[in-house]
>>> print(open('input17.txt').read())   # compact mmCIF, C-alpha atoms
# COMPACT_ATOMS: atom_id res chain seq x y z
CA MET A 39 8.17 16.43 -15.69
CA GLU A 40 5.12 14.46 -14.53
CA ASP A 41 7.09 11.60 -12.93
CA LEU A 42 8.37 14.04 -10.31
CA ALA A 43 4.88 14.98 -9.07
CA PRO A 44 3.71 13.60 -5.70
CA ILE A 45 1.42 10.56 -5.86
CA ILE A 46 -0.80 8.52 -3.58
CA SER A 47 -0.89 4.74 -3.97
CA ILE A 48 -4.15 3.10 -2.84
CA HIS A 49 -4.58 -0.64 -2.32
CA ILE A 50 -7.94 -2.00 -1.13
CA PHE A 51 -8.03 -5.67 -0.19
CA THR A 52 -11.24 -7.60 0.49
CA VAL A 53 -10.34 -10.30 3.02
CA GLU A 54 -11.94 -12.95 5.18
CA PRO A 55 -12.49 -11.71 8.75
CA ALA A 56 -10.47 -14.67 10.05
CA ASP A 57 -7.45 -13.46 8.00
CA PHE A 58 -7.84 -9.76 8.79
CA ALA A 59 -5.46 -9.47 11.78
CA ARG A 60 -2.66 -11.46 10.12
CA LEU A 61 -2.94 -9.56 6.85
CA ALA A 62 -3.11 -6.21 8.64
CA GLU A 63 0.12 -7.11 10.45
CA ARG A 64 1.74 -8.12 7.14
CA ALA A 65 0.67 -4.78 5.62
CA THR A 66 2.15 -2.96 8.61
CA GLU A 67 5.41 -4.87 8.15
CA ALA A 68 5.67 -3.79 4.50
CA LEU A 69 4.82 -0.21 5.23
CA ARG A 70 7.41 0.00 8.00
CA LYS A 71 9.95 -1.03 5.35
CA ALA A 72 8.53 1.48 2.84
CA ALA A 73 9.08 4.26 5.38
CA THR A 74 12.84 3.68 5.11
CA LEU A 75 12.97 4.06 1.32
CA PRO A 76 13.91 7.19 -0.66
CA GLY A 77 10.92 9.25 -1.77
CA PHE A 78 8.57 7.97 0.94
CA VAL A 79 6.30 10.65 2.47
CA SER A 80 3.63 8.93 4.60
CA VAL A 81 1.40 5.90 4.97
CA ASN A 82 -1.92 4.98 6.55
CA ILE A 83 -3.58 1.61 6.99
CA PHE A 84 -7.33 1.45 7.56
CA GLY A 85 -9.71 -1.42 8.22
CA ASN A 86 -13.48 -1.47 8.20
CA ALA A 87 -15.60 -2.54 11.20
CA PRO A 88 -16.55 -6.02 9.93
CA HIS A 89 -12.84 -6.73 9.23
CA THR A 90 -13.43 -7.50 5.57
CA LYS A 91 -11.50 -4.61 3.98
CA LEU A 92 -7.96 -3.32 4.36
CA LEU A 93 -7.04 0.00 2.79
CA LEU A 94 -3.38 0.94 2.38
CA ALA A 95 -2.65 4.52 1.35
CA SER A 96 0.94 5.59 0.84
CA GLU A 97 2.23 8.94 -0.36
CA TRP A 98 5.42 9.25 -2.40
CA ARG A 99 7.41 12.17 -3.75
CA SER A 100 7.05 10.74 -7.27
CA GLU A 101 5.77 7.76 -9.21
CA HIS A 102 9.40 6.81 -9.77
CA ALA A 103 10.01 6.58 -5.99
CA TRP A 104 6.87 4.45 -5.58
CA SER A 105 7.94 2.20 -8.46
CA ARG A 106 11.34 1.56 -6.87
CA ALA A 107 9.63 0.62 -3.60
CA GLU A 108 7.40 -1.92 -5.35
CA TRP A 109 10.57 -3.83 -6.36
CA ASP A 110 11.81 -4.13 -2.76
CA ASP A 111 11.94 -7.85 -1.85
CA LEU A 112 10.00 -7.56 1.42
CA ILE A 113 7.35 -5.24 0.01
CA GLU A 114 6.88 -7.49 -3.02
CA LYS A 115 6.49 -10.60 -0.82
CA VAL A 116 3.96 -8.91 1.46
CA LEU A 117 1.90 -7.52 -1.43
CA THR A 118 1.91 -10.96 -3.05
CA ASP A 119 0.70 -12.50 0.24
CA LEU A 120 -2.06 -9.89 0.51
CA VAL A 121 -3.21 -10.38 -3.09
CA GLU A 122 -3.12 -14.18 -2.87
CA ASN A 123 -5.10 -14.19 0.39
CA SER A 124 -7.73 -11.65 -0.64
CA ARG A 125 -11.05 -12.25 -2.35
CA ASP A 126 -10.57 -9.00 -4.26
CA HIS A 127 -7.88 -6.37 -4.73
CA GLU A 128 -8.27 -2.86 -6.09
CA PHE A 129 -5.29 -0.66 -6.87
CA GLU A 130 -4.93 2.88 -8.16
CA ILE A 131 -2.36 5.65 -8.25
CA TYR A 132 -3.59 9.20 -7.81
CA SER A 133 -1.63 12.28 -8.82
CA HIS A 134 -1.72 15.48 -6.83
CA ILE A 135 -3.93 18.07 -8.49
CA ALA A 136 -4.41 20.88 -5.98
CA PRO A 137 -3.44 21.70 -2.39
>>> encode(input="input17.txt", output="structure tokens")
Amino acid sequence: MEDLAPIISIHIFTVEPADFARLAERATEALRKAATLPGFVSVNIFGNAPHTKLLLASEWRSEHAWSRAEWDDLIEKVLTDLVENSRDHEFEIYSHIAP
């Protein structure tokens, strides 16, 4: 069953440098919460040198586990804040293909 395969969720936010630190802290807050949810594997947050891009990469045991996390109140509020305060937002889910 495909829904039980591990996935990686990637969010890339283009932000104003003045908003970078606040939004990075908000992302960290959401990902701390995600780490407590069933099916969570790992997370990384990256920022580029000019502080214009935030990349959030989270790994989940399945797309179902990730989907449940997206409905968490805190995670939903933080993602909404990030999207509303970004110039651009890219999102993609990647399925595991090979070790």
>>> closest_residue(input="input17.txt", among="A:Phe84, A:Leu93, A:Ile113, A:Ala136", to="A:Leu69", atoms="only C-alpha atoms")
A:Ile113
>>> atom_distance(input="input17.txt", atom1="atom CA of A:His127", atom2="atom CA of A:Ala65")
13.5 Å
>>> closest_residue(input="input17.txt", among="A:Val121, A:Ala62, A:Ala72, A:Ile45", to="A:Leu92", atoms="only C-alpha atoms")
A:Ala62
>>> closest_residue(input="input17.txt", among="A:Lys91, A:His102, A:Lys71, A:Arg64", to="A:His49", atoms="all atoms listed in the file")
A:Lys91
>>> residues_near_point(input="input17.txt", point="(-2.0, -12.5, 5.1)", cutoff="10 Å", atoms="only C-alpha atoms", output="ChimeraX atom specification")
/A:53-54,57-65,116-124
>>> atom_distance(input="input17.txt", atom1="atom CA of A:Trp109", atom2="atom CA of A:Asp126")
21.9 Å
>>> atom_distance(input="input17.txt", atom1="atom CA of A:Pro44", atom2="atom CA of A:Gly85")
24.5 Å
>>> residues_around(input="input17.txt", residues="A:Gly77", least_positions_apart="4", cutoff="9 Å", atoms="only C-alpha atoms", output="PyMOL selection string")
chain A and resi 73+97-100+102-104+107
>>> closest_atom_pairs(input="input17.txt", of="stretch 41-83 of chain A", to="stretch 128-134 of chain A", cutoff="10 Å", atoms="all atoms listed in the file", output="JSON lines")
{"residue": "A:Asp41", "atom": "CA", "partner": "A:Ser133", "partner_atom": "CA", "distance": 9.7}
{"residue": "A:Ala43", "atom": "CA", "partner": "A:His134", "partner_atom": "CA", "distance": 7.0}
{"residue": "A:Pro44", "atom": "CA", "partner": "A:His134", "partner_atom": "CA", "distance": 5.9}
{"residue": "A:Ile45", "atom": "CA", "partner": "A:Ser133", "partner_atom": "CA", "distance": 4.6}
{"residue": "A:Ile46", "atom": "CA", "partner": "A:Tyr132", "partner_atom": "CA", "distance": 5.1}
{"residue": "A:Ser47", "atom": "CA", "partner": "A:Ile131", "partner_atom": "CA", "distance": 4.6}
{"residue": "A:Ile48", "atom": "CA", "partner": "A:Glu130", "partner_atom": "CA", "distance": 5.4}
{"residue": "A:His49", "atom": "CA", "partner": "A:Phe129", "partner_atom": "CA", "distance": 4.6}
{"residue": "A:Ile50", "atom": "CA", "partner": "A:Glu128", "partner_atom": "CA", "distance": 5.0}
{"residue": "A:Phe51", "atom": "CA", "partner": "A:Glu128", "partner_atom": "CA", "distance": 6.5}
{"residue": "A:Thr52", "atom": "CA", "partner": "A:Glu128", "partner_atom": "CA", "distance": 8.6}
>>> closest_residue(input="input17.txt", among="A:Val81, A:Ile135, A:Ala56, A:Ala87", to="A:Ala68", atoms="all atoms listed in the file")
A:Val81
>>> axis_aligned_box(input="input17.txt", around="stretch 100-107 of chain A", padding_each_side="4 Å", output="JSON")
{"center_x": 8.6, "center_y": 5.7, "center_z": -6.7, "size_x": 13.6, "size_y": 18.1, "size_z": 14.2}
>>> closest_residue(input="input17.txt", among="A:His89, A:Glu67, A:Pro76, A:Pro137", to="A:Lys115", atoms="all atoms listed in the file")
A:Glu67
>>> build_atoms(input="input17.txt", residues="stretch 69-84 of chain A", atoms="N, CA and C atoms", output="compact mmCIF listing (two decimals), in the coordinates of the input")
# COMPACT_ATOMS: atom_id res chain seq x y z
N LEU A 69 4.82 -1.66 5.21
CA LEU A 69 4.82 -0.21 5.23
C LEU A 69 5.88 0.35 6.16
N ARG A 70 6.25 -0.41 7.18
CA ARG A 70 7.41 0.00 8.00
C ARG A 70 8.66 0.03 7.12
N LYS A 71 8.80 -0.97 6.26
CA LYS A 71 9.95 -1.03 5.35
C LYS A 71 9.89 0.13 4.36
N ALA A 72 8.69 0.40 3.81
CA ALA A 72 8.53 1.48 2.84
C ALA A 72 8.98 2.81 3.44
N ALA A 73 8.73 3.01 4.72
CA ALA A 73 9.08 4.26 5.38
C ALA A 73 10.58 4.52 5.39
N THR A 74 11.39 3.51 5.12
CA THR A 74 12.84 3.68 5.11
C THR A 74 13.38 3.97 3.71
N LEU A 75 12.52 3.94 2.71
CA LEU A 75 12.97 4.06 1.32
C LEU A 75 12.96 5.51 0.83
N PRO A 76 13.86 5.83 -0.11
CA PRO A 76 13.91 7.19 -0.66
C PRO A 76 12.58 7.55 -1.35
N GLY A 77 12.13 8.77 -1.13
CA GLY A 77 10.92 9.25 -1.77
C GLY A 77 9.64 8.98 -1.01
N PHE A 78 9.74 8.25 0.11
CA PHE A 78 8.57 7.97 0.94
C PHE A 78 8.14 9.23 1.67
N VAL A 79 6.82 9.48 1.74
CA VAL A 79 6.30 10.65 2.47
C VAL A 79 5.50 10.20 3.69
N SER A 80 4.47 9.36 3.48
CA SER A 80 3.63 8.93 4.60
C SER A 80 2.84 7.69 4.20
N VAL A 81 2.24 7.08 5.21
CA VAL A 81 1.40 5.90 4.97
C VAL A 81 0.31 5.81 6.03
N ASN A 82 -0.82 5.27 5.63
CA ASN A 82 -1.92 4.98 6.55
C ASN A 82 -2.50 3.63 6.17
N ILE A 83 -2.88 2.88 7.19
CA ILE A 83 -3.58 1.61 6.99
C ILE A 83 -4.92 1.73 7.70
N PHE A 84 -5.99 1.39 7.00
CA PHE A 84 -7.33 1.45 7.56
C PHE A 84 -8.00 0.10 7.41
